[in-house]
>>> print(open('final13.txt').read())   # compact mmCIF, C-alpha atoms and all ligand atoms
# COMPACT_ATOMS: atom_id res chain seq x y z
CA MET A 1 -15.01 -29.90 -8.41
CA LYS A 2 -15.50 -28.01 -11.66
CA LEU A 3 -14.51 -24.41 -11.25
CA SER A 4 -15.25 -21.42 -13.44
CA ARG A 5 -12.42 -19.30 -14.87
CA PHE A 6 -13.15 -16.83 -12.07
CA GLY A 7 -12.88 -19.65 -9.52
CA GLU A 8 -9.63 -20.88 -10.97
CA ARG A 9 -8.13 -17.40 -10.97
CA LEU A 10 -9.15 -16.18 -7.55
CA ALA A 11 -9.10 -19.40 -5.56
CA LYS A 12 -5.66 -20.58 -6.69
CA THR A 13 -2.70 -19.93 -4.40
CA SER A 14 -1.63 -16.37 -5.08
CA GLY A 15 1.57 -14.67 -4.01
CA ILE A 16 -0.35 -12.64 -1.48
CA GLY A 17 -2.29 -15.67 -0.21
CA ARG A 18 0.90 -17.59 0.41
CA LEU A 19 2.45 -14.68 2.28
CA MET A 20 -0.60 -14.21 4.48
CA ASP A 21 -0.37 -17.94 5.31
CA ASP A 22 3.29 -17.59 6.23
CA LEU A 23 2.46 -14.66 8.48
CA GLY A 24 -0.32 -16.55 10.21
CA THR A 25 1.82 -19.67 10.69
CA ALA A 26 4.77 -17.66 11.95
CA ILE A 27 2.69 -15.76 14.46
CA ALA A 28 1.08 -19.02 15.65
CA GLN A 29 4.56 -20.51 16.21
CA GLY A 30 5.26 -17.95 18.90
CA CYS A 31 7.82 -15.54 20.16
CA GLU A 32 11.08 -16.66 18.54
CA VAL A 33 9.87 -15.68 15.10
CA CYS A 34 11.25 -12.40 13.77
CA MET A 35 8.33 -11.06 11.80
CA LEU A 36 9.76 -8.66 9.25
CA GLY A 37 7.29 -9.68 6.54
CA GLY A 38 3.69 -8.61 6.07
CA GLY A 39 2.24 -5.16 6.04
CA ASN A 40 0.89 -4.91 9.55
CA PRO A 41 1.36 -1.46 11.02
CA ALA A 42 2.92 -1.19 14.48
CA HIS A 43 0.97 -0.94 17.71
CA ILE A 44 1.79 2.61 18.81
CA PRO A 45 0.47 2.99 22.38
CA GLU A 46 -0.22 6.78 22.20
CA VAL A 47 -2.13 6.29 18.97
CA GLU A 48 -4.05 3.32 20.29
CA ALA A 49 -5.02 5.42 23.33
CA HIS A 50 -6.80 7.82 20.93
CA PHE A 51 -8.73 4.94 19.33
CA ARG A 52 -9.64 3.56 22.74
CA ARG A 53 -10.92 6.95 23.86
CA SER A 54 -12.95 7.33 20.71
CA ALA A 55 -14.45 3.83 21.14
CA GLU A 56 -15.31 4.67 24.76
CA GLN A 57 -17.04 7.88 23.66
CA LEU A 58 -18.98 5.87 21.10
CA LEU A 59 -20.12 3.45 23.80
CA ALA A 60 -20.98 6.21 26.24
CA ALA A 61 -23.06 8.34 23.85
CA ASP A 62 -26.76 7.62 23.70
CA GLY A 63 -27.58 5.32 20.76
CA LEU A 64 -24.34 5.94 18.77
CA PHE A 65 -22.88 2.49 19.26
CA GLU A 66 -26.20 0.81 18.50
CA ARG A 67 -26.48 2.80 15.27
CA ALA A 68 -22.88 1.93 14.29
CA ILE A 69 -23.44 -1.80 14.65
CA GLY A 70 -27.16 -2.04 13.97
CA GLU A 71 -27.66 -0.28 10.61
CA TYR A 72 -26.29 -0.64 7.10
CA ASP A 73 -24.64 2.47 5.73
CA PRO A 74 -25.47 3.52 2.16
CA PRO A 75 -23.37 1.78 -0.55
CA GLN A 76 -21.24 4.94 -0.85
CA GLY A 77 -20.33 4.63 2.83
CA ASN A 78 -21.07 6.43 6.09
CA ALA A 79 -22.27 9.95 5.27
CA ALA A 80 -20.96 11.70 8.40
CA PHE A 81 -17.50 10.20 7.91
CA ILE A 82 -17.47 11.13 4.23
CA ASP A 83 -18.41 14.73 5.08
CA ALA A 84 -15.62 14.89 7.65
CA VAL A 85 -13.02 13.57 5.15
CA ALA A 86 -14.19 16.01 2.44
CA CYS A 87 -13.96 18.91 4.87
CA LEU A 88 -10.47 17.89 6.05
CA LEU A 89 -9.11 17.56 2.51
CA ARG A 90 -10.66 20.88 1.44
CA GLU A 91 -9.10 22.65 4.42
CA GLN A 92 -5.72 20.94 4.22
CA PHE A 93 -5.10 20.96 0.49
CA GLY A 94 -7.75 23.25 -0.98
CA TRP A 95 -9.11 20.36 -3.07
CA ASP A 96 -12.41 21.23 -4.69
CA ILE A 97 -14.38 18.27 -3.32
CA ALA A 98 -17.63 17.47 -1.55
CA ALA A 99 -19.34 14.29 -0.36
CA GLU A 100 -20.13 13.28 -3.96
CA ASN A 101 -16.35 12.92 -4.55
CA ILE A 102 -15.83 10.26 -1.87
CA ALA A 103 -16.80 6.61 -1.50
CA LEU A 104 -15.74 4.11 1.14
CA THR A 105 -14.77 0.50 0.52
CA ASN A 106 -13.99 -2.47 2.75
CA GLY A 107 -10.28 -1.65 2.89
CA SER A 108 -8.49 0.08 0.03
CA GLN A 109 -7.63 -3.40 -1.29
CA SER A 110 -11.31 -3.69 -2.28
CA ALA A 111 -11.08 -0.29 -3.98
CA PHE A 112 -8.23 -1.58 -6.16
CA PHE A 113 -10.22 -4.70 -7.00
CA ILE A 114 -13.11 -2.51 -8.16
CA LEU A 115 -11.06 0.17 -9.93
CA PHE A 116 -8.69 -2.14 -11.79
CA ASN A 117 -11.57 -4.26 -13.05
CA LEU A 118 -13.56 -1.16 -14.04
CA PHE A 119 -10.75 0.06 -16.26
CA ALA A 120 -8.90 -3.10 -17.35
CA GLY A 121 -9.94 -6.35 -19.03
CA PRO A 122 -11.96 -7.06 -22.16
CA SER A 123 -14.22 -4.16 -23.19
CA ALA A 124 -17.42 -4.09 -25.25
CA GLY A 125 -15.45 -2.54 -28.13
CA GLY A 126 -13.15 -5.58 -28.19
CA VAL A 127 -10.08 -3.90 -26.68
CA ASP A 128 -8.48 -5.83 -23.82
CA ARG A 129 -7.25 -2.95 -21.66
CA LYS A 130 -4.47 -2.96 -19.08
CA ILE A 131 -3.48 -1.01 -16.00
CA LEU A 132 -0.12 0.66 -16.57
CA LEU A 133 2.25 0.63 -13.60
CA PRO A 134 4.84 3.21 -14.73
CA LEU A 135 7.43 1.81 -12.37
CA THR A 136 8.04 -1.53 -10.72
CA PRO A 137 8.72 -2.69 -7.94
CA GLU A 138 5.08 -2.01 -7.02
CA TYR A 139 2.61 -3.25 -4.39
CA ILE A 140 2.18 -7.05 -4.30
CA GLY A 141 -1.52 -6.72 -3.45
CA TYR A 142 -2.30 -5.49 -6.98
CA SER A 143 -0.97 -8.64 -8.65
CA ASP A 144 -3.95 -10.97 -8.46
CA VAL A 145 -6.98 -8.69 -8.40
CA GLY A 146 -7.76 -8.94 -12.13
CA LEU A 147 -10.87 -10.89 -13.09
CA THR A 148 -8.93 -11.83 -16.21
CA GLU A 149 -5.25 -12.74 -16.57
CA ASP A 150 -2.50 -10.22 -17.21
CA ILE A 151 -4.25 -6.96 -16.50
CA PHE A 152 -0.97 -5.12 -15.88
CA VAL A 153 1.79 -3.79 -18.02
CA SER A 154 4.72 -2.21 -16.28
CA ASN A 155 8.19 -0.85 -16.74
CA ARG A 156 11.64 -1.26 -15.31
CA PRO A 157 12.73 1.83 -13.41
CA GLN A 158 15.88 3.84 -13.87
CA ILE A 159 18.20 3.36 -10.90
CA GLU A 160 19.83 6.45 -9.48
CA HIS A 161 22.76 5.75 -7.15
CA LEU A 162 22.86 8.11 -4.17
CA ASP A 163 25.47 8.72 -1.48
CA GLY A 164 26.58 5.79 0.63
CA ARG A 165 24.72 2.61 -0.08
CA PHE A 166 21.44 4.26 -1.04
CA PHE A 167 19.69 4.28 -4.40
CA LYS A 168 16.37 5.52 -5.78
CA TYR A 169 14.08 4.20 -8.47
CA LYS A 170 12.90 6.73 -11.07
CA VAL A 171 10.20 6.46 -13.72
CA ASP A 172 11.79 5.84 -17.10
CA PHE A 173 9.60 8.18 -19.14
CA ASP A 174 11.35 7.28 -22.42
CA LYS A 175 9.99 3.74 -22.10
CA LEU A 176 6.46 4.71 -21.07
CA LYS A 177 4.02 3.77 -23.83
CA ILE A 178 0.40 4.81 -23.40
CA THR A 179 -1.52 3.10 -26.17
CA ASP A 180 -5.29 2.66 -26.69
CA ALA A 181 -4.99 -0.54 -24.67
CA ILE A 182 -4.18 1.32 -21.44
CA GLY A 183 -7.26 1.78 -19.23
CA ALA A 184 -5.64 3.59 -16.29
CA ILE A 185 -2.25 4.42 -14.77
CA CYS A 186 -1.54 3.53 -11.13
CA VAL A 187 1.26 4.32 -8.67
CA SER A 188 1.60 3.86 -4.92
CA ARG A 189 3.16 6.92 -3.28
CA PRO A 190 4.88 6.25 -0.87
CA THR A 191 5.53 2.95 -2.58
CA ASN A 192 5.13 -0.42 -0.96
CA PRO A 193 7.64 -2.24 -1.09
CA THR A 194 10.48 0.26 -1.60
CA GLY A 195 9.62 3.32 0.48
CA ASN A 196 10.05 5.37 -2.70
CA VAL A 197 8.17 8.65 -2.97
CA LEU A 198 7.78 9.65 -6.59
CA THR A 199 8.92 13.25 -6.99
CA ASP A 200 6.47 16.09 -7.68
CA CYS A 201 8.03 16.37 -11.12
CA GLU A 202 7.40 12.67 -11.86
CA MET A 203 3.81 13.00 -10.61
CA ASN A 204 3.13 16.10 -12.72
CA LYS A 205 4.47 14.34 -15.81
CA LEU A 206 2.30 11.26 -15.12
CA ASP A 207 -0.68 13.53 -14.55
CA SER A 208 -0.28 15.30 -17.89
CA LEU A 209 0.37 12.01 -19.72
CA ALA A 210 -2.79 10.54 -18.18
CA ARG A 211 -4.87 13.59 -19.09
CA SER A 212 -3.58 13.87 -22.62
CA ASN A 213 -4.36 10.19 -23.20
CA GLY A 214 -7.79 10.36 -21.56
CA VAL A 215 -7.08 7.76 -18.86
CA PRO A 216 -7.36 8.22 -15.08
CA LEU A 217 -4.30 8.39 -12.82
CA ILE A 218 -4.85 6.26 -9.70
CA ILE A 219 -2.71 7.34 -6.75
CA ASP A 220 -2.46 4.84 -3.90
CA ASN A 221 -2.00 7.04 -0.86
CA ALA A 222 -2.24 4.27 1.77
CA TYR A 223 0.85 5.65 3.59
CA GLY A 224 0.63 9.24 2.44
CA THR A 225 -0.55 12.60 3.59
CA PRO A 226 -2.58 13.93 5.43
CA PHE A 227 -3.02 10.62 7.27
CA PRO A 228 -1.25 8.37 8.22
CA ASN A 229 1.50 10.69 6.90
CA ILE A 230 4.28 8.07 6.89
CA ILE A 231 6.21 10.15 4.41
CA PHE A 232 9.64 11.65 5.06
CA THR A 233 9.94 13.98 2.05
CA ASP A 234 8.12 17.18 1.11
CA ALA A 235 6.03 15.62 -1.61
CA LYS A 236 3.01 17.65 -2.76
CA PRO A 237 -0.28 15.72 -2.84
CA LEU A 238 -1.97 15.69 -6.23
CA PHE A 239 -5.68 15.74 -7.03
CA ASN A 240 -7.77 16.90 -9.97
CA ALA A 241 -10.79 15.73 -11.95
CA ASN A 242 -8.67 13.05 -13.67
CA THR A 243 -7.06 11.55 -10.57
CA ILE A 244 -8.41 8.85 -8.28
CA VAL A 245 -6.79 9.04 -4.86
CA CYS A 246 -7.14 5.96 -2.63
CA MET A 247 -6.61 6.26 1.11
CA SER A 248 -7.06 3.93 4.06
CA LEU A 249 -7.44 3.87 7.82
CA SER A 250 -5.20 0.78 7.99
CA LYS A 251 -1.74 2.31 8.43
CA LEU A 252 -3.14 4.77 10.92
CA GLY A 253 -3.42 1.67 13.12
CA LEU A 254 -6.88 0.37 12.18
CA PRO A 255 -6.24 -2.41 9.62
CA ALA A 256 -8.96 -4.60 11.11
CA ALA A 257 -11.56 -1.85 10.57
CA ARG A 258 -11.20 -2.47 6.79
CA THR A 259 -11.90 1.09 5.73
CA GLY A 260 -10.73 2.36 2.36
CA ILE A 261 -11.47 5.86 1.07
CA VAL A 262 -11.67 6.72 -2.65
CA ILE A 263 -11.58 10.37 -3.74
CA ALA A 264 -12.49 10.94 -7.37
CA ASP A 265 -14.84 12.49 -9.87
CA PRO A 266 -18.51 11.89 -8.89
CA LYS A 267 -19.03 9.61 -11.94
CA ILE A 268 -16.39 7.22 -10.61
CA ILE A 269 -17.68 7.49 -7.06
CA ARG A 270 -21.15 6.41 -8.25
CA MET A 271 -19.61 3.37 -9.97
CA ILE A 272 -17.76 2.42 -6.76
CA ALA A 273 -21.00 2.73 -4.77
CA GLU A 274 -22.87 0.57 -7.29
CA THR A 275 -20.16 -2.08 -7.12
CA ASN A 276 -20.13 -1.94 -3.31
CA ALA A 277 -23.87 -2.61 -3.34
CA VAL A 278 -23.42 -5.70 -5.51
CA MET A 279 -20.36 -7.06 -3.70
CA SER A 280 -21.24 -6.31 -0.07
CA LEU A 281 -24.39 -4.13 0.15
CA ALA A 282 -22.44 -1.50 2.06
CA PRO A 283 -18.94 -0.85 3.41
CA GLY A 284 -18.50 -1.60 7.12
CA GLY A 285 -19.35 1.15 9.58
CA MET A 286 -17.10 0.51 12.58
CA GLY A 287 -13.98 2.18 11.13
CA PRO A 288 -15.94 5.34 10.28
CA ALA A 289 -17.64 5.26 13.70
CA ILE A 290 -14.28 5.21 15.51
CA ALA A 291 -12.44 7.64 13.26
CA ALA A 292 -15.10 10.22 12.29
CA SER A 293 -14.69 12.46 15.32
CA MET A 294 -10.87 12.47 14.99
CA ILE A 295 -11.15 13.49 11.38
CA ARG A 296 -13.80 16.13 12.12
CA SER A 297 -11.71 17.68 14.89
CA GLY A 298 -8.39 17.50 13.04
CA GLU A 299 -6.99 15.28 15.82
CA VAL A 300 -5.98 12.80 13.13
CA LEU A 301 -3.56 15.36 11.66
CA ALA A 302 -1.75 15.97 14.93
CA MET A 303 -1.65 12.22 15.60
CA SER A 304 -0.17 11.54 12.18
CA ARG A 305 2.33 14.41 12.33
CA ASP A 306 3.46 14.11 15.95
CA MET A 307 3.16 10.39 16.67
CA ILE A 308 2.91 8.19 13.60
CA ARG A 309 5.43 9.83 11.27
CA PRO A 310 8.19 10.29 13.93
CA PHE A 311 7.61 6.72 15.15
CA TYR A 312 8.26 5.20 11.71
CA LYS A 313 11.07 7.66 10.89
CA ALA A 314 12.94 6.56 14.03
CA LYS A 315 12.29 2.90 13.12
CA ALA A 316 13.63 3.44 9.60
CA ASP A 317 16.76 5.20 10.87
CA PHE A 318 17.38 2.43 13.41
CA ALA A 319 17.01 -0.33 10.79
CA VAL A 320 19.40 1.47 8.43
CA ASP A 321 21.97 1.78 11.24
CA VAL A 322 21.66 -1.91 12.11
CA ILE A 323 22.09 -2.88 8.46
CA GLY A 324 25.19 -0.67 8.27
CA ALA A 325 26.72 -2.54 11.21
CA GLU A 326 25.59 -6.10 10.38
CA PHE A 327 26.14 -6.07 6.61
CA ALA A 328 29.68 -4.62 6.74
CA GLY A 329 31.70 -6.43 4.06
CA ALA A 330 28.64 -7.46 2.01
CA ASN A 331 27.60 -5.88 -1.29
CA TYR A 332 24.22 -4.39 -0.47
CA HIS A 333 22.18 -1.34 -1.36
CA ILE A 334 19.12 0.16 0.32
CA HIS A 335 16.37 2.06 -1.44
CA THR A 336 16.40 5.48 0.18
CA PRO A 337 13.62 5.25 2.80
CA GLU A 338 11.27 8.13 1.97
CA GLY A 339 8.09 6.71 3.48
CA ALA A 340 5.88 3.66 4.16
CA ILE A 341 7.01 1.02 6.65
CA PHE A 342 9.56 -1.01 4.68
CA LEU A 343 13.20 -1.16 3.72
CA TRP A 344 14.02 -2.56 0.30
CA LEU A 345 17.36 -4.28 0.29
CA TRP A 346 19.17 -4.95 -2.99
CA LEU A 347 21.80 -7.71 -2.89
CA ALA A 348 23.25 -7.34 -6.37
CA ASP A 349 25.68 -10.25 -6.52
CA LEU A 350 23.89 -12.73 -4.27
CA PRO A 351 24.58 -16.23 -5.67
CA ILE A 352 21.08 -17.46 -4.70
CA THR A 353 17.69 -15.98 -5.58
CA SER A 354 15.78 -13.86 -3.10
CA MET A 355 13.21 -16.69 -3.00
CA GLU A 356 15.90 -19.15 -1.86
CA LEU A 357 17.13 -16.58 0.68
CA TYR A 358 13.54 -16.24 1.94
CA GLU A 359 13.30 -20.03 2.41
CA ARG A 360 16.63 -20.14 4.28
CA LEU A 361 15.54 -17.25 6.50
CA LYS A 362 12.18 -18.88 7.20
CA ARG A 363 14.03 -21.98 8.44
CA ARG A 364 15.86 -19.68 10.88
CA GLY A 365 12.64 -18.05 12.06
CA VAL A 366 12.98 -14.78 10.14
CA ILE A 367 10.14 -13.80 7.82
CA VAL A 368 10.80 -11.28 5.03
CA VAL A 369 9.17 -10.96 1.62
CA PRO A 370 11.16 -12.06 -1.44
CA GLY A 371 11.34 -9.27 -3.98
CA ASN A 372 10.23 -11.21 -7.06
CA TYR A 373 6.55 -10.76 -6.12
CA PHE A 374 6.72 -7.01 -6.58
CA PHE A 375 6.99 -6.81 -10.35
CA PRO A 376 3.39 -7.23 -11.57
CA GLY A 377 3.15 -6.83 -15.32
CA LEU A 378 6.90 -6.89 -15.94
CA ALA A 379 7.23 -9.82 -18.32
CA GLU A 380 10.87 -9.30 -19.33
CA ALA A 381 13.63 -11.24 -17.62
CA TRP A 382 15.57 -8.97 -15.27
CA SER A 383 17.99 -10.41 -12.75
CA HIS A 384 17.24 -7.52 -10.37
CA LYS A 385 13.80 -9.10 -9.70
CA ASN A 386 15.53 -11.93 -7.82
CA GLN A 387 18.06 -9.79 -5.95
CA CYS A 388 15.87 -7.87 -3.51
CA ILE A 389 13.95 -8.44 -0.29
CA ARG A 390 11.38 -6.34 1.55
CA ILE A 391 11.79 -5.84 5.28
CA ASN A 392 9.00 -4.42 7.47
CA TYR A 393 10.87 -2.39 10.10
CA SER A 394 7.93 -1.63 12.37
CA ALA A 395 8.58 -4.43 14.90
CA ASP A 396 10.28 -3.75 18.25
CA ALA A 397 14.01 -2.93 18.22
CA ARG A 398 15.12 -6.32 19.51
CA THR A 399 13.20 -8.19 16.81
CA VAL A 400 14.46 -5.91 14.04
CA GLU A 401 18.06 -6.14 15.28
CA ARG A 402 18.00 -9.91 15.66
CA GLY A 403 16.22 -10.40 12.33
CA LEU A 404 18.66 -8.19 10.45
CA ARG A 405 21.64 -9.95 12.08
CA ILE A 406 20.34 -13.33 10.88
CA ILE A 407 19.67 -11.94 7.38
CA ALA A 408 23.25 -10.65 7.24
CA GLU A 409 24.58 -14.06 8.39
CA GLU A 410 22.58 -15.88 5.72
CA VAL A 411 23.61 -13.44 3.00
CA LYS A 412 27.29 -13.85 3.90
CA ALA A 413 26.91 -17.65 4.17
CA ALA A 414 25.43 -17.80 0.65
CA PHE A 415 28.81 -16.98 -0.95
C1 LIG B 501 0.43 0.36 -0.98
C2 LIG B 501 -0.76 -0.31 -0.37
N1 LIG B 501 -1.95 -0.09 -0.91
C3 LIG B 501 -3.06 -0.66 -0.42
C4 LIG B 501 -3.00 -1.50 0.67
C5 LIG B 501 -4.28 -2.13 1.17
O1 LIG B 501 -4.59 -1.71 2.45
P1 LIG B 501 -6.03 -1.82 3.10
O2 LIG B 501 -6.88 -2.75 2.25
O3 LIG B 501 -5.80 -2.38 4.45
O4 LIG B 501 -6.61 -0.44 3.10
C6 LIG B 501 -1.78 -1.77 1.28
C7 LIG B 501 -1.68 -2.70 2.42
O5 LIG B 501 -0.64 -3.07 2.89
C8 LIG B 501 -0.63 -1.15 0.73
O6 LIG B 501 0.59 -1.37 1.26
>>> encode(input="final13.txt", output="structure tokens")
Amino acid sequence: MKLSRFGERLAKTSGIGRLMDDLGTAIAQGCEVCMLGGGNPAHIPEVEAHFRRSAEQLLAADGLFERAIGEYDPPQGNAAFIDAVACLLREQFGWDIAAENIALTNGSQSAFFILFNLFAGPSAGGVDRKILLPLTPEYIGYSDVGLTEDIFVSNRPQIEHLDGRFFKYKVDFDKLKITDAIGAICVSRPTNPTGNVLTDCEMNKLDSLARSNGVPLIIDNAYGTPFPNIIFTDAKPLFNANTIVCMSLSKLGLPAARTGIVIADPKIIRMIAETNAVMSLAPGGMGPAIAASMIRSGEVLAMSRDMIRPFYKAKADFAVDVIGAEFAGANYHIHTPEGAIFLWLWLADLPITSMELYERLKRRGVIVVPGNYFFPGLAEAWSHKNQCIRINYSADARTVERGLRIIAEEVKAAF
């Protein structure tokens, strides 16, 4: 088989592809596996009851279901859903937006594929532009989306030690270099994998740096406010004509609906719609069909505030408590959990790499994600990259407890 460069890049085994395989294999193996890897949100029965009710209403209403499954939406996405999202964001945050500021994609992952390749890679003027990630660790799903190699440049963070065994990553603004070769800046907030929430001050600085250098600031709000609102700090959402905010229905509990939402200047929205048309004619309509009425009525806000956020907050607190008990005597640190659905564990003097720890844990039926995957664009050697693991804490208490106990045993046995 003779593949193109595109074929060789996208069809090779990527970090994310390998992890998805591990998840699939582990789930197929059955109940003894402690699944603390992957990014699947939890099944929250009260939340799922809302989706079920909405699906039942869709089926019961005359012609609604048939329209949802039987017609393509426009390439920008379902118009009624887009109107509902625009209205919600105007009311909640006072953002000056209308339907022309919003496009849907097949999951926000597709939005990142489109956006990163719009702004990074070889340009007609000869400049090979990059996406700047101001701070790593950053989301693994970005790593392989470039149509050309090496579309990221990124920086090491500053590490602030907090009380107890907590720490927090901070953007190191002294090291941030925005040259002509930067096409856009991107941050996830809350961050996957660390649960970090960049402070308002950090965001405002990034915003003014982006504006003064004439590049967009992409904010990945997959876990953020107003939905699914898995955010435990008082962070202020940011939007203006230079920002591109990406949201998703996935962490609300609808990952299979594959619905991503991009909020940006109309020029960018038109480019997303054009790319949607080429790649897939139109984004899927089932997610919008199920969620539109909840967004229109504001039900999604109450669900996020009263069910989803407290659910994950309790899970995070529980996992931290279990780590405190199981890891006693080990040298560990936890990134302060400010949002998202993960704990980021830093094992500073571990004599094996996090990849080797991952392999040992897999043999014992515990799946985590080794930290080295989360440094896209960070070329420099840094031992920290091999000292961390990501733990998804959204499983049931027994699984989390058992998984963390085995992790602690393996960490202690490594010395
Ligand atoms: C930070 C972040 N951004 C984007 C995504 C992509 O989500 P989706 O394509 O399901 O909207 C994920 C998924 O885990 C994520 O964690």
>>> residues_near_ligand(input="final13.txt", ligand="ligand LIG 501 (chain B)", cutoff="6 Å", atoms="all atoms listed in the file", output="ChimeraX atom specification")
/A:39,107-109,139,188,191-192,220,222,248,250,255,258,260
>>> closest_atom_pairs(input="final13.txt", of="stretch 273-325 of chain A", to="stretch 390-405 of chain A", cutoff="10 Å", atoms="all atoms listed in the file", output="Markdown table")
| residue | atom | partner | partner_atom | distance |
| --- | --- | --- | --- | --- |
| A:Phe311 | CA | A:Ser394 | CA | 8.8 |
| A:Tyr312 | CA | A:Ser394 | CA | 6.9 |
| A:Lys313 | CA | A:Ser394 | CA | 9.9 |
| A:Ala314 | CA | A:Ser394 | CA | 9.7 |
| A:Lys315 | CA | A:Tyr393 | CA | 6.3 |
| A:Ala316 | CA | A:Tyr393 | CA | 6.5 |
| A:Asp317 | CA | A:Tyr393 | CA | 9.6 |
| A:Phe318 | CA | A:Ala397 | CA | 8.0 |
| A:Ala319 | CA | A:Tyr393 | CA | 6.5 |
| A:Val320 | CA | A:Tyr393 | CA | 9.5 |
| A:Asp321 | CA | A:Glu401 | CA | 9.7 |
| A:Val322 | CA | A:Glu401 | CA | 6.4 |
| A:Ile323 | CA | A:Leu404 | CA | 6.6 |
| A:Ala325 | CA | A:Arg405 | CA | 9.0 |
>>> write_last_selection(input="final13.txt", atoms="C-alpha atoms", output="short mmCIF file (atom, residue, chain, number, x, y, z; two decimals), in the frame of the given file")
data_model
loop_
_atom_site.label_atom_id
_atom_site.label_comp_id
_atom_site.auth_asym_id
_atom_site.auth_seq_id
_atom_site.Cartn_x
_atom_site.Cartn_y
_atom_site.Cartn_z
CA PHE A 311 7.61 6.72 15.15
CA TYR A 312 8.26 5.20 11.71
CA LYS A 313 11.07 7.66 10.89
CA ALA A 314 12.94 6.56 14.03
CA LYS A 315 12.29 2.90 13.12
CA ALA A 316 13.63 3.44 9.60
CA ASP A 317 16.76 5.20 10.87
CA PHE A 318 17.38 2.43 13.41
CA ALA A 319 17.01 -0.33 10.79
CA VAL A 320 19.40 1.47 8.43
CA ASP A 321 21.97 1.78 11.24
CA VAL A 322 21.66 -1.91 12.11
CA ILE A 323 22.09 -2.88 8.46
CA ALA A 325 26.72 -2.54 11.21
#
>>> residues_around(input="final13.txt", residues="stretch 68-80 of chain A", least_positions_apart="5", cutoff="7 Å", atoms="only C-alpha atoms", output="ChimeraX atom specification")
/A:103-104,273-274,276-277,281-283,285-286,288-289
>>> atom_distance(input="final13.txt", atom1="atom CA of A:Asp172", atom2="atom CA of A:Glu160")
11.1 Å
>>> closest_residue(input="final13.txt", among="A:Lys12, A:Lys236, A:Arg211, A:Arg52", to="A:Val197", atoms="only C-alpha atoms")
A:Lys236
>>> residues_around(input="final13.txt", residues="A:Lys170", least_positions_apart="5", cutoff="9 Å", atoms="only C-alpha atoms", output="compact mmCIF listing (two decimals) with C-alpha atoms, in the frame of the given file")
# COMPACT_ATOMS: atom_id res chain seq x y z
CA LEU A 135 7.43 1.81 -12.37
CA PRO A 157 12.73 1.83 -13.41
CA GLN A 158 15.88 3.84 -13.87
CA ILE A 159 18.20 3.36 -10.90
CA GLU A 160 19.83 6.45 -9.48
CA ASN A 196 10.05 5.37 -2.70
CA LEU A 198 7.78 9.65 -6.59
CA THR A 199 8.92 13.25 -6.99
CA GLU A 202 7.40 12.67 -11.86
>>> residues_around(input="final13.txt", residues="A:Lys412", least_positions_apart="6", cutoff="10 Å", atoms="only C-alpha atoms", output="MDAnalysis selection string")
chainID A and resid 327:331 350 406
>>> residues_around(input="final13.txt", residues="A:Ile44", least_positions_apart="6", cutoff="9 Å", atoms="only C-alpha atoms", output="mmCIF file with C-alpha atoms, in the coordinates of the input")
data_model
loop_
_atom_site.group_PDB
_atom_site.id
_atom_site.type_symbol
_atom_site.label_atom_id
_atom_site.label_comp_id
_atom_site.auth_asym_id
_atom_site.auth_seq_id
_atom_site.Cartn_x
_atom_site.Cartn_y
_atom_site.Cartn_z
ATOM 1 C CA GLY A 253 -3.420 1.670 13.120
ATOM 2 C CA MET A 307 3.160 10.390 16.670
ATOM 3 C CA ILE A 308 2.910 8.190 13.600
ATOM 4 C CA PHE A 311 7.610 6.720 15.150
#
>>> closest_residue(input="final13.txt", among="A:Gly146, A:Pro193, A:Gly7, A:Gly125", to="A:Asn372", atoms="all atoms listed in the file")
A:Pro193
>>> axis_aligned_box(input="final13.txt", around="stretch 259-266 of chain A", padding_each_side="6 Å", output="JSON")
{"center_x": -14.6, "center_y": 6.8, "center_z": -2.1, "size_x": 19.8, "size_y": 23.4, "size_z": 27.6}
>>> closest_residue(input="final13.txt", among="A:Leu36, A:Leu118, A:Glu299, A:Val127", to="A:Ile389", atoms="only C-alpha atoms")
A:Leu36
>>> residues_around(input="final13.txt", residues="A:Ile102", least_positions_apart="4", cutoff="10 Å", atoms="all atoms listed in the file", output="number ranges by chain")
A: 76-77, 79, 81-83, 85-86, 97-98, 244-246, 261-266, 268-270, 272-273
>>> residues_near_point(input="final13.txt", point="(3.6, -7.0, -16.7)", cutoff="12 Å", atoms="only C-alpha atoms", output="compact mmCIF listing (two decimals) with C-alpha atoms, keeping the file's coordinate frame")
# COMPACT_ATOMS: atom_id res chain seq x y z
CA LYS A 130 -4.47 -2.96 -19.08
CA ILE A 131 -3.48 -1.01 -16.00
CA LEU A 132 -0.12 0.66 -16.57
CA LEU A 133 2.25 0.63 -13.60
CA PRO A 134 4.84 3.21 -14.73
CA LEU A 135 7.43 1.81 -12.37
CA THR A 136 8.04 -1.53 -10.72
CA PRO A 137 8.72 -2.69 -7.94
CA GLU A 138 5.08 -2.01 -7.02
CA TYR A 142 -2.30 -5.49 -6.98
CA SER A 143 -0.97 -8.64 -8.65
CA ASP A 144 -3.95 -10.97 -8.46
CA GLU A 149 -5.25 -12.74 -16.57
CA ASP A 150 -2.50 -10.22 -17.21
CA ILE A 151 -4.25 -6.96 -16.50
CA PHE A 152 -0.97 -5.12 -15.88
CA VAL A 153 1.79 -3.79 -18.02
CA SER A 154 4.72 -2.21 -16.28
CA ASN A 155 8.19 -0.85 -16.74
CA ARG A 156 11.64 -1.26 -15.31
CA TYR A 373 6.55 -10.76 -6.12
CA PHE A 374 6.72 -7.01 -6.58
CA PHE A 375 6.99 -6.81 -10.35
CA PRO A 376 3.39 -7.23 -11.57
CA GLY A 377 3.15 -6.83 -15.32
CA LEU A 378 6.90 -6.89 -15.94
CA ALA A 379 7.23 -9.82 -18.32
CA GLU A 380 10.87 -9.30 -19.33
CA ALA A 381 13.63 -11.24 -17.62
